[in-house]
Amino acid sequence: MGLYNVYIKVEANVKTGGGHLHRSLVLADEFKRFNCNVEFIVSYESADYTGKMAGDYNVNVINDIYNPSEYAGIVKHNSLIIFDTDDNMFYSGQLVDYFREQDVKTACFTISNKYTYTTDFLINTNIIALSHEYITGDYTVKLLGPEYLIFKPQFAGTDLEKTEDNNLLVYFGNADRYNLTERVLAYFEHRPGLFDKINVITGSLNKNIKTIKEICSRNEKIVHYHNLTTDGMIDVYKDSGVTIGSAGMAMWEMALFGIPQIIIASSEREVEYTDYLNRAGYVYKLSDYKHVGAIDMEKELDEVLKSDILTILKTEEFSSVINVNGVTKIVKSILKYL
């Protein structure tokens, strides 16, 4: 019998991507290391992918993720449920109130301060969280800032030196629902001399693999990697001197290696904090998903790649604010109050 029962409500599918689940799996492993029992709760839309990734963890599948009765036969009294989602329906309201009545502690991840939070634990690992004010219960424990970032354990034990070669990495997360990888590669097809090598990573939820492979096969400078392990990702990071990508967890991973980053915010939740990181000089924000269909990507990329903006980004400062062991700090902080 474990010390405590922990349930993680998460989604991973073509629309959502796999970032939340991958983070939750690291979190689950850390709770397990502290002798807790961990189970996952997902919708049917996320059941297949979660089942493949969850290993020995029990995955509970429910119909209506907002209905308290769906959780009644799963979540035990005197336990903890973590909502690893950016859906504000899990921050306060009927579902959170239900769990409080059942003596179940709740925790939620957020990237915003625009809502009311009545959960017991509020987690925002982004650096912008340190300048936010939140509307919470007086009982809410706030775990804020990049000292709580959740990295896979391989990053804690790796050499963070990157190559000085003129290599580019293109990576827009597991799903890349706006097909940004293909658009960026189309740009470099007509500019073969800008980089010595172009590393391209795609994830298992990407629906445009065939076209991306065709583009990569036409250029000997482009190397395509699909569905890499964590160790494989680290190797590619080390082999990259500049990156063009989205603002998910990979952005923080690459920040550890001091890689200058051109970022396109690929979801609503990423827009505010990429604006913040751009103003701080930590990354260069090219555009966001709302406008990416209309922007002149060739013109914008021409301007940034011909300028010296990437050489003056504060990559070392960005790296220095990140705690690679943040998952341990989260788990210890939560268990202290349970």
# chains A, B, ... in the order shown; residues from 1 in each chain; ligands from 1
call {"tool": "closest_atom_pairs", "arguments": {"of": "stretch 16-95 of chain A", "to": "stretch 118-130 of chain A", "cutoff": "12 Å", "atoms": "only C-alpha atoms", "output": "Markdown table"}}
result
| residue | atom | partner | partner_atom | distance |
| --- | --- | --- | --- | --- |
| A:Arg23 | CA | A:Thr125 | CA | 11.6 |
| A:Leu80 | CA | A:Asp120 | CA | 9.6 |
| A:Ile81 | CA | A:Thr119 | CA | 10.0 |
| A:Ile82 | CA | A:Phe121 | CA | 8.8 |
| A:Phe83 | CA | A:Thr119 | CA | 9.8 |
| A:Asp84 | CA | A:Ile123 | CA | 9.5 |
| A:Thr85 | CA | A:Ile123 | CA | 10.9 |
| A:Asp86 | CA | A:Asn124 | CA | 10.4 |
| A:Asn88 | CA | A:Thr118 | CA | 11.1 |
| A:Met89 | CA | A:Thr118 | CA | 11.1 |
| A:Phe90 | CA | A:Thr119 | CA | 8.4 |
| A:Tyr91 | CA | A:Thr119 | CA | 6.2 |
| A:Ser92 | CA | A:Thr118 | CA | 5.0 |
| A:Gly93 | CA | A:Thr118 | CA | 7.8 |
| A:Gln94 | CA | A:Thr118 | CA | 10.6 |
| A:Leu95 | CA | A:Thr119 | CA | 10.1 |
call {"tool": "residues_around", "arguments": {"residues": "A:His20", "least_positions_apart": "4", "cutoff": "9 Å", "atoms": "only C-alpha atoms", "output": "count of residues only"}}
result
8
call {"tool": "residues_around", "arguments": {"residues": "A:Phe318", "least_positions_apart": "3", "cutoff": "8 Å", "atoms": "only C-alpha atoms", "output": "list in words"}}
result
Ala255, Leu256, Gly258, Tyr282, Lys314, Thr315, Val321 and Ile322 of chain A
call {"tool": "select_by_dssp", "arguments": {"residues": "stretch 131-277 of chain A", "states": "strand (DSSP E or B)", "output": "JSON, numbers by chain"}}
result
{"A": [135, 136, 141, 142, 143, 144, 167, 168, 169, 170, 171, 197, 198, 199, 200, 201, 202, 222, 223, 224, 225, 226, 242, 243, 244, 245, 261, 262, 263, 264, 265]}
call {"tool": "write_last_selection", "arguments": {"atoms": "C-alpha atoms", "output": "short mmCIF file (atom, residue, chain, number, x, y, z; two decimals), in the first residue's frame"}}
result
data_model
loop_
_atom_site.label_atom_id
_atom_site.label_comp_id
_atom_site.auth_asym_id
_atom_site.auth_seq_id
_atom_site.Cartn_x
_atom_site.Cartn_y
_atom_site.Cartn_z
CA ILE A 135 -7.58 35.10 -7.34
CA THR A 136 -7.45 32.03 -5.11
CA VAL A 141 -0.77 26.78 -2.06
CA LYS A 142 0.89 28.46 -5.05
CA LEU A 143 3.88 26.80 -6.74
CA LEU A 144 5.03 29.39 -9.24
CA ASN A 167 22.93 23.61 -37.54
CA LEU A 168 19.22 24.39 -37.30
CA LEU A 169 16.54 22.42 -35.45
CA VAL A 170 12.89 22.56 -36.55
CA TYR A 171 10.43 21.11 -34.00
CA LYS A 197 22.45 21.01 -41.54
CA ILE A 198 18.74 21.08 -40.66
CA ASN A 199 17.52 18.69 -37.98
CA VAL A 200 13.76 18.04 -38.11
CA ILE A 201 11.86 16.31 -35.31
CA THR A 202 8.26 15.13 -35.60
CA ILE A 222 17.90 17.83 -43.89
CA VAL A 223 17.87 14.99 -41.35
CA HIS A 224 14.45 13.83 -40.18
CA TYR A 225 13.88 12.21 -36.78
CA HIS A 226 10.47 10.81 -35.84
CA VAL A 242 19.57 27.55 -33.58
CA THR A 243 15.96 26.39 -33.40
CA ILE A 244 12.60 27.32 -34.90
CA GLY A 245 9.72 25.83 -32.96
CA GLN A 261 15.17 30.14 -30.32
CA ILE A 262 12.75 31.53 -32.89
CA ILE A 263 9.29 30.78 -31.50
CA ILE A 264 5.83 30.61 -33.04
CA ALA A 265 3.13 30.44 -30.37
#
call {"tool": "residues_around", "arguments": {"residues": "A:Asn60", "least_positions_apart": "4", "cutoff": "8 Å", "atoms": "only C-alpha atoms", "output": "MDAnalysis selection string"}}
result
chainID A and resid 39:42 74
call {"tool": "residues_around", "arguments": {"residues": "A:Tyr237", "least_positions_apart": "6", "cutoff": "8 Å", "atoms": "only C-alpha atoms", "output": "JSON, numbers by chain"}}
result
{"A": [162, 169, 254, 257]}
call {"tool": "write_last_selection", "arguments": {"atoms": "N, CA and C atoms", "output": "CSV table (one decimal), in the first residue's frame"}}
result
chain,number,residue,atom,x,y,z
A,162,LYS,N,26.2,22.4,-26.0
A,162,LYS,CA,25.7,22.2,-27.4
A,162,LYS,C,26.8,22.4,-28.4
A,169,LEU,N,17.5,23.4,-35.8
A,169,LEU,CA,16.5,22.4,-35.4
A,169,LEU,C,15.1,23.0,-35.7
A,254,MET,N,15.3,23.1,-24.6
A,254,MET,CA,16.4,23.7,-25.4
A,254,MET,C,17.0,24.9,-24.7
A,257,PHE,N,20.2,24.2,-22.9
A,257,PHE,CA,21.4,24.0,-23.7
A,257,PHE,C,21.8,25.4,-24.2
call {"tool": "residues_around", "arguments": {"residues": "A:Asn67", "least_positions_apart": "3", "cutoff": "10 Å", "atoms": "only C-alpha atoms", "output": "list in words"}}
result
Ile62, Asn63, Asp64, Glu70, Tyr71, Ala72, Gln94, Leu95 and Tyr98 of chain A
call {"tool": "write_last_selection", "arguments": {"atoms": "N, CA and C atoms", "output": "PDB file, in the first residue's frame"}}
result
ATOM      1  N   ILE A  62     -13.257   7.930 -18.966  1.00  0.00           N
ATOM      2  CA  ILE A  62     -14.591   8.418 -18.623  1.00  0.00           C
ATOM      3  C   ILE A  62     -15.220   9.132 -19.825  1.00  0.00           C
ATOM      4  N   ASN A  63     -16.551   9.256 -19.802  1.00  0.00           N
ATOM      5  CA  ASN A  63     -17.279   9.893 -20.900  1.00  0.00           C
ATOM      6  C   ASN A  63     -17.277  11.405 -20.786  1.00  0.00           C
ATOM      7  N   ASP A  64     -17.750  11.909 -19.653  1.00  0.00           N
ATOM      8  CA  ASP A  64     -17.926  13.347 -19.446  1.00  0.00           C
ATOM      9  C   ASP A  64     -16.909  13.827 -18.424  1.00  0.00           C
ATOM     10  N   GLU A  70     -18.866  10.959 -12.830  1.00  0.00           N
ATOM     11  CA  GLU A  70     -17.951  10.116 -13.603  1.00  0.00           C
ATOM     12  C   GLU A  70     -16.725   9.715 -12.775  1.00  0.00           C
ATOM     13  N   TYR A  71     -16.383  10.544 -11.823  1.00  0.00           N
ATOM     14  CA  TYR A  71     -15.194  10.306 -11.010  1.00  0.00           C
ATOM     15  C   TYR A  71     -15.500   9.516  -9.735  1.00  0.00           C
ATOM     16  N   ALA A  72     -16.800   9.392  -9.424  1.00  0.00           N
ATOM     17  CA  ALA A  72     -17.201   8.868  -8.117  1.00  0.00           C
ATOM     18  C   ALA A  72     -16.685   7.457  -7.845  1.00  0.00           C
ATOM     19  N   GLN A  94     -18.037  23.478 -10.052  1.00  0.00           N
ATOM     20  CA  GLN A  94     -18.749  22.289  -9.608  1.00  0.00           C
ATOM     21  C   GLN A  94     -17.824  21.116  -9.303  1.00  0.00           C
ATOM     22  N   LEU A  95     -16.889  20.840 -10.192  1.00  0.00           N
ATOM     23  CA  LEU A  95     -16.047  19.666 -10.024  1.00  0.00           C
ATOM     24  C   LEU A  95     -15.102  19.815  -8.832  1.00  0.00           C
ATOM     25  N   TYR A  98     -17.046  19.543  -5.655  1.00  0.00           N
ATOM     26  CA  TYR A  98     -17.397  18.144  -5.382  1.00  0.00           C
ATOM     27  C   TYR A  98     -16.248  17.421  -4.676  1.00  0.00           C
TER      28      TYR A  98
END
call {"tool": "select_by_dssp", "arguments": {"residues": "stretch 36-250 of chain A", "states": "alpha helix (DSSP H)", "output": "MDAnalysis selection string"}}
result
chainID A and resid 47:53 68:72 94:101 180:189 209:217 230:238 249:250
call {"tool": "write_last_selection", "arguments": {"atoms": "N, CA and C atoms", "output": "compact mmCIF listing (two decimals), in the first residue's frame"}}
result
# COMPACT_ATOMS: atom_id res chain seq x y z
N ALA A 47 -7.74 7.95 -24.87
CA ALA A 47 -7.49 6.65 -24.25
C ALA A 47 -6.40 5.85 -24.95
N ASP A 48 -6.43 5.80 -26.29
CA ASP A 48 -5.48 4.96 -27.02
C ASP A 48 -4.04 5.41 -26.80
N TYR A 49 -3.79 6.70 -27.01
CA TYR A 49 -2.42 7.19 -26.88
C TYR A 49 -1.94 7.09 -25.43
N THR A 50 -2.82 7.43 -24.49
CA THR A 50 -2.43 7.36 -23.08
C THR A 50 -2.13 5.92 -22.69
N GLY A 51 -2.96 5.01 -23.16
CA GLY A 51 -2.74 3.60 -22.84
C GLY A 51 -1.40 3.10 -23.35
N LYS A 52 -0.99 3.56 -24.51
CA LYS A 52 0.30 3.16 -25.07
C LYS A 52 1.47 3.73 -24.27
N MET A 53 1.29 4.94 -23.74
CA MET A 53 2.39 5.63 -23.09
C MET A 53 2.47 5.37 -21.58
N PRO A 68 -19.04 15.32 -12.11
CA PRO A 68 -18.50 14.72 -10.89
C PRO A 68 -18.83 13.24 -10.73
N SER A 69 -20.03 12.83 -11.18
CA SER A 69 -20.42 11.43 -11.00
C SER A 69 -19.52 10.47 -11.77
N GLU A 70 -18.87 10.96 -12.83
CA GLU A 70 -17.95 10.12 -13.60
C GLU A 70 -16.73 9.72 -12.77
N TYR A 71 -16.38 10.54 -11.82
CA TYR A 71 -15.19 10.31 -11.01
C TYR A 71 -15.50 9.52 -9.74
N ALA A 72 -16.80 9.39 -9.42
CA ALA A 72 -17.20 8.87 -8.12
C ALA A 72 -16.68 7.46 -7.85
N GLN A 94 -18.04 23.48 -10.05
CA GLN A 94 -18.75 22.29 -9.61
C GLN A 94 -17.82 21.12 -9.30
N LEU A 95 -16.89 20.84 -10.19
CA LEU A 95 -16.05 19.67 -10.02
C LEU A 95 -15.10 19.82 -8.83
N VAL A 96 -14.47 20.97 -8.71
CA VAL A 96 -13.57 21.21 -7.58
C VAL A 96 -14.35 21.19 -6.27
N ASP A 97 -15.53 21.79 -6.27
CA ASP A 97 -16.37 21.79 -5.06
C ASP A 97 -16.76 20.36 -4.66
N TYR A 98 -17.05 19.54 -5.65
CA TYR A 98 -17.40 18.14 -5.38
C TYR A 98 -16.25 17.42 -4.68
N PHE A 99 -15.05 17.59 -5.18
CA PHE A 99 -13.92 16.90 -4.57
C PHE A 99 -13.64 17.40 -3.16
N ARG A 100 -13.86 18.67 -2.91
CA ARG A 100 -13.66 19.19 -1.55
C ARG A 100 -14.64 18.53 -0.58
N GLU A 101 -15.87 18.31 -1.04
CA GLU A 101 -16.86 17.64 -0.19
C GLU A 101 -16.47 16.19 0.08
N LEU A 180 3.12 23.61 -39.05
CA LEU A 180 4.18 24.61 -39.13
C LEU A 180 5.49 24.02 -39.62
N THR A 181 5.73 22.75 -39.31
CA THR A 181 6.96 22.09 -39.75
C THR A 181 7.09 22.15 -41.27
N GLU A 182 6.01 21.79 -41.96
CA GLU A 182 6.03 21.79 -43.43
C GLU A 182 6.25 23.20 -43.97
N ARG A 183 5.63 24.20 -43.37
CA ARG A 183 5.77 25.57 -43.86
C ARG A 183 7.20 26.07 -43.69
N VAL A 184 7.81 25.77 -42.56
CA VAL A 184 9.18 26.22 -42.33
C VAL A 184 10.14 25.50 -43.27
N LEU A 185 9.94 24.20 -43.46
CA LEU A 185 10.82 23.45 -44.36
C LEU A 185 10.70 23.95 -45.80
N ALA A 186 9.50 24.34 -46.20
CA ALA A 186 9.30 24.88 -47.55
C ALA A 186 10.14 26.14 -47.74
N TYR A 187 10.26 26.92 -46.69
CA TYR A 187 11.08 28.14 -46.74
C TYR A 187 12.54 27.77 -46.99
N PHE A 188 13.05 26.78 -46.27
CA PHE A 188 14.47 26.45 -46.39
C PHE A 188 14.80 25.66 -47.65
N GLU A 189 13.79 25.08 -48.30
CA GLU A 189 14.04 24.42 -49.58
C GLU A 189 14.63 25.39 -50.60
N ILE A 209 3.22 13.47 -41.69
CA ILE A 209 4.52 12.82 -41.79
C ILE A 209 4.92 12.53 -43.23
N LYS A 210 4.00 12.06 -44.03
CA LYS A 210 4.33 11.69 -45.41
C LYS A 210 4.89 12.87 -46.18
N THR A 211 4.21 14.02 -46.11
CA THR A 211 4.68 15.21 -46.85
C THR A 211 6.01 15.69 -46.30
N ILE A 212 6.15 15.68 -44.97
CA ILE A 212 7.40 16.13 -44.36
C ILE A 212 8.56 15.24 -44.80
N LYS A 213 8.34 13.95 -44.83
CA LYS A 213 9.39 13.02 -45.28
C LYS A 213 9.78 13.30 -46.73
N GLU A 214 8.79 13.61 -47.56
CA GLU A 214 9.08 13.90 -48.97
C GLU A 214 9.96 15.14 -49.10
N ILE A 215 9.65 16.18 -48.32
CA ILE A 215 10.47 17.40 -48.36
C ILE A 215 11.89 17.09 -47.90
N CYS A 216 12.00 16.35 -46.81
CA CYS A 216 13.33 16.03 -46.25
C CYS A 216 14.16 15.20 -47.23
N SER A 217 13.51 14.32 -47.96
CA SER A 217 14.23 13.44 -48.88
C SER A 217 14.81 14.19 -50.07
N THR A 230 13.78 10.28 -25.23
CA THR A 230 14.35 11.45 -24.55
C THR A 230 15.85 11.57 -24.82
N ASP A 231 16.55 10.46 -24.77
CA ASP A 231 17.99 10.49 -25.06
C ASP A 231 18.24 10.93 -26.48
N GLY A 232 17.38 10.50 -27.41
CA GLY A 232 17.52 10.94 -28.79
C GLY A 232 17.29 12.43 -28.94
N MET A 233 16.30 12.95 -28.22
CA MET A 233 16.03 14.39 -28.25
C MET A 233 17.24 15.17 -27.76
N ILE A 234 17.83 14.70 -26.68
CA ILE A 234 19.00 15.38 -26.11
C ILE A 234 20.15 15.41 -27.12
N ASP A 235 20.36 14.29 -27.82
CA ASP A 235 21.42 14.24 -28.82
C ASP A 235 21.19 15.27 -29.93
N VAL A 236 19.93 15.43 -30.36
CA VAL A 236 19.63 16.39 -31.41
C VAL A 236 19.78 17.82 -30.90
N TYR A 237 19.36 18.07 -29.66
CA TYR A 237 19.57 19.40 -29.06
C TYR A 237 21.05 19.77 -29.09
N LYS A 238 21.88 18.82 -28.72
CA LYS A 238 23.33 19.08 -28.68
C LYS A 238 23.89 19.34 -30.06
N MET A 249 7.08 22.29 -24.01
CA MET A 249 8.13 21.87 -23.09
C MET A 249 9.49 21.83 -23.77
N ALA A 250 9.52 21.52 -25.06
CA ALA A 250 10.80 21.46 -25.78
C ALA A 250 11.52 22.81 -25.74
call {"tool": "closest_residue", "arguments": {"among": "A:Asn166, A:Thr229, A:Asn323, A:Ser112", "to": "A:Glu270", "atoms": "only C-alpha atoms"}}
result
A:Ser112
call {"tool": "closest_residue", "arguments": {"among": "A:Lys207, A:His22, A:Arg269, A:Lys336", "to": "A:Ala54", "atoms": "only C-alpha atoms"}}
result
A:His22
call {"tool": "atom_distance", "arguments": {"atom1": "atom CA of A:Ala107", "atom2": "atom CA of A:Val6"}}
result
10.5 Å
call {"tool": "decode", "arguments": {"residues": "stretch 1-98 of chain A", "atoms": "C-alpha atoms", "output": "compact mmCIF listing (two decimals), in the first residue's frame"}}
result
# COMPACT_ATOMS: atom_id res chain seq x y z
CA MET A 1 0.00 0.00 0.00
CA GLY A 2 1.37 3.39 -0.95
CA LEU A 3 1.61 6.47 1.17
CA TYR A 4 -1.13 8.31 -0.72
CA ASN A 5 -3.50 7.86 -3.67
CA VAL A 6 -2.83 10.30 -6.54
CA TYR A 7 -4.97 10.64 -9.67
CA ILE A 8 -3.87 12.64 -12.71
CA LYS A 9 -6.54 13.92 -15.10
CA VAL A 10 -4.89 14.62 -18.46
CA GLU A 11 -5.59 14.58 -22.20
CA ALA A 12 -3.32 13.57 -25.11
CA ASN A 13 -4.66 13.49 -28.65
CA VAL A 14 -4.31 15.10 -32.06
CA LYS A 15 -5.92 18.34 -30.88
CA THR A 16 -4.17 18.61 -27.52
CA GLY A 17 -0.80 17.09 -28.36
CA GLY A 18 1.23 14.93 -26.03
CA GLY A 19 2.99 17.51 -23.88
CA HIS A 20 0.61 17.37 -20.93
CA LEU A 21 0.75 13.59 -20.78
CA HIS A 22 4.53 13.42 -21.02
CA ARG A 23 4.79 15.92 -18.15
CA SER A 24 2.23 13.97 -16.14
CA LEU A 25 4.15 10.72 -16.61
CA VAL A 26 7.26 12.31 -15.13
CA LEU A 27 5.15 13.63 -12.27
CA ALA A 28 3.61 10.19 -11.75
CA ASP A 29 7.02 8.55 -11.59
CA GLU A 30 8.13 11.06 -8.97
CA PHE A 31 5.05 10.48 -6.80
CA LYS A 32 5.66 6.76 -7.15
CA ARG A 33 9.25 7.29 -6.01
CA PHE A 34 7.77 8.80 -2.84
CA ASN A 35 5.68 5.65 -2.34
CA CYS A 36 2.36 6.99 -3.67
CA ASN A 37 -0.19 5.04 -5.71
CA VAL A 38 -0.83 6.79 -9.04
CA GLU A 39 -3.62 6.36 -11.63
CA PHE A 40 -4.59 8.33 -14.75
CA ILE A 41 -8.02 9.60 -15.82
CA VAL A 42 -8.68 10.47 -19.49
CA SER A 43 -11.51 10.88 -21.97
CA TYR A 44 -12.15 8.29 -24.68
CA GLU A 45 -10.52 10.62 -27.20
CA SER A 46 -7.21 10.26 -25.35
CA ALA A 47 -7.49 6.65 -24.25
CA ASP A 48 -5.48 4.96 -27.02
CA TYR A 49 -2.42 7.19 -26.88
CA THR A 50 -2.43 7.36 -23.08
CA GLY A 51 -2.74 3.60 -22.84
CA LYS A 52 0.30 3.16 -25.07
CA MET A 53 2.39 5.63 -23.09
CA ALA A 54 1.30 4.92 -19.50
CA GLY A 55 3.13 1.62 -19.05
CA ASP A 56 2.06 -0.09 -15.81
CA TYR A 57 -0.11 2.79 -14.61
CA ASN A 58 -3.84 2.18 -14.49
CA VAL A 59 -5.74 4.37 -16.99
CA ASN A 60 -9.38 5.14 -16.18
CA VAL A 61 -11.51 6.25 -19.15
CA ILE A 62 -14.59 8.42 -18.62
CA ASN A 63 -17.28 9.89 -20.90
CA ASP A 64 -17.93 13.35 -19.45
CA ILE A 65 -14.77 14.88 -18.00
CA TYR A 66 -16.75 17.68 -16.31
CA ASN A 67 -19.31 15.49 -14.56
CA PRO A 68 -18.50 14.72 -10.89
CA SER A 69 -20.42 11.43 -11.00
CA GLU A 70 -17.95 10.12 -13.60
CA TYR A 71 -15.19 10.31 -11.01
CA ALA A 72 -17.20 8.87 -8.12
CA GLY A 73 -16.26 5.24 -8.63
CA ILE A 74 -12.60 6.02 -9.36
CA VAL A 75 -11.25 8.65 -6.99
CA LYS A 76 -11.02 7.53 -3.36
CA HIS A 77 -11.67 9.72 -0.33
CA ASN A 78 -8.67 11.43 1.27
CA SER A 79 -6.64 11.44 -1.93
CA LEU A 80 -5.26 13.94 -4.45
CA ILE A 81 -6.38 14.64 -8.00
CA ILE A 82 -4.19 16.69 -10.33
CA PHE A 83 -5.64 18.40 -13.41
CA ASP A 84 -2.84 18.68 -15.95
CA THR A 85 -4.81 20.79 -18.39
CA ASP A 86 -5.20 24.42 -19.40
CA ASP A 87 -8.99 24.12 -19.27
CA ASN A 88 -10.35 26.65 -16.78
CA MET A 89 -13.30 24.35 -16.00
CA PHE A 90 -10.89 22.46 -13.73
CA TYR A 91 -9.70 25.53 -11.81
CA SER A 92 -12.88 26.14 -9.79
CA GLY A 93 -16.59 25.40 -9.82
CA GLN A 94 -18.75 22.29 -9.61
CA LEU A 95 -16.05 19.67 -10.02
CA VAL A 96 -13.57 21.21 -7.58
CA ASP A 97 -16.37 21.79 -5.06
CA TYR A 98 -17.40 18.14 -5.38
